[in-house]
Amino acid sequence: MTMTTTDRAHLSTYTKSRVRRHIVWAVLLVFGIWIWSTTFVGPVIAQATEHTEQVAAVAVEETTILQTQGSRRNRHMENVRALVVEFEYGGQQYRETLSTDDEQLGDVTVYLNTSTDRASFDAPEPIGFWGWFWGIAGGLVLAGGVIALVRSIAGTVRLSRFDPSTRAPEFAADVTGATVRVVNQKKAATPKNTEIDITAVAASATEGIPVGTELVLTAKAAAAPGVPQAGSRLEGMFVKPGAKSGLAVVRFGADAPWWPVSAGEKAPEV
């Protein structure tokens with residue numbers, strides 16, 4: 001175990017990039033939760049808590065009212081036919097102007113939302129299968145996103161507080177190859193936009209990762225000292241004690257700086 005001061009240059013670079021990613025991720029999640037709650041949860045809650053009564057009314061006058069017409073791209077205000085209706089409910093007299101193409105003067109039926117005191121000629125439509133489906137599915141997806149974000153933030157906090165000098169390396173891996181990959185093909189291949197996929201074989205490991213296990217290590221090029229060459233050996237440890245995969249730190253030797261990688265076993269080829 002080295003007792004020298006830890007070189008945190010690569011670790012700090014990686015931590016800062018993760019913090020920026022967390023902020024973007026959090027903003028997208030908040031926006032997604034807002035869309036989900038207003039589009040799906042709101043109508044479900046409204047239907048569960050609001051009550052509509054069918055009430056006999058009398059249409060006493062024909063008139064017109066301004067109403068939004070057209071599609072999203074061609075919305076405009078237009079005068080539409082409407083009826084003035086009068087009815088009584090719960091000891092209270094109502095006089096409402098409701099748009100309609102079909103109803104005529106005389107006896108009519110209206111539907112009164114007793115929670116909002118809004119009346120309509122149309123009965124409330126129940127939420128269909130897809131409304132329930134997307135409400136539940138969207139909630140599960142967003143919940144998974146929140147859990148993943150919390151775990152990622154926890155990993156970043158561990159890395160920011162991580163002191164490799166207090167622990168001995170947990171595993172060693174012999175590099176068998178490395179490939180530099182551009183993350184966003186629409187942008188230039190800068191260190192910030194490239195990752196290094198490293199294949200290696202466990203030379204010595206903790207319990208749960210037998211010697212000879214094929215590993216894949218992924219590093220941010222901006223937070224790595226270079227591209228490992230086949231035949232070189234890395235020693236490392238997982239940031240979370242007892243982990244067998246996930247965020248880890250590795251180095252080329254006892255006096256070399258630590259740098260972060262995402263480590264896991266290589267998936268078997270089909």
# chains A, B, ... in the order shown; residues from 1 in each chain; ligands from 1

call {"tool": "select_by_dssp", "arguments": {"residues": "segment 6-208 of chain A", "states": "alpha helix (DSSP H)", "output": "JSON, numbers by chain"}}
result
{"A": [9, 10, 11, 12, 13, 14, 15, 16, 17, 18, 19, 20, 21, 22, 23, 24, 25, 26, 27, 28, 29, 30, 31, 32, 33, 34, 35, 36, 42, 43, 44, 45, 46, 47, 48, 49, 129, 130, 131, 132, 133, 134, 135, 136, 137, 138, 139, 140, 141, 142, 143, 144, 145, 146, 147, 148, 149, 150, 151, 152, 153, 154, 155, 156, 157, 158, 159, 160, 161]}

call {"tool": "residues_around", "arguments": {"residues": "Leu142 of chain A", "least_positions_apart": "6", "cutoff": "8 Å", "atoms": "only C-alpha atoms", "output": "JSON, numbers by chain"}}
result
{"A": [29, 32, 33]}

call {"tool": "residues_around", "arguments": {"residues": "Val108 of chain A", "least_positions_apart": "3", "cutoff": "12 Å", "atoms": "only C-alpha atoms", "output": "MDAnalysis selection string"}}
result
chainID A and resid 54:60 83:87 98 100 102:105 111 120:122

call {"tool": "closest_residue", "arguments": {"among": "A:Thr68, A:Val150, A:Thr52, A:Phe171", "to": "Leu112 of chain A", "atoms": "only C-alpha atoms"}}
result
A:Thr52

call {"tool": "atom_distance", "arguments": {"atom1": "atom CA of Gly131 of chain A", "atom2": "atom CA of Trp36 of chain A"}}
result
11.0 Å
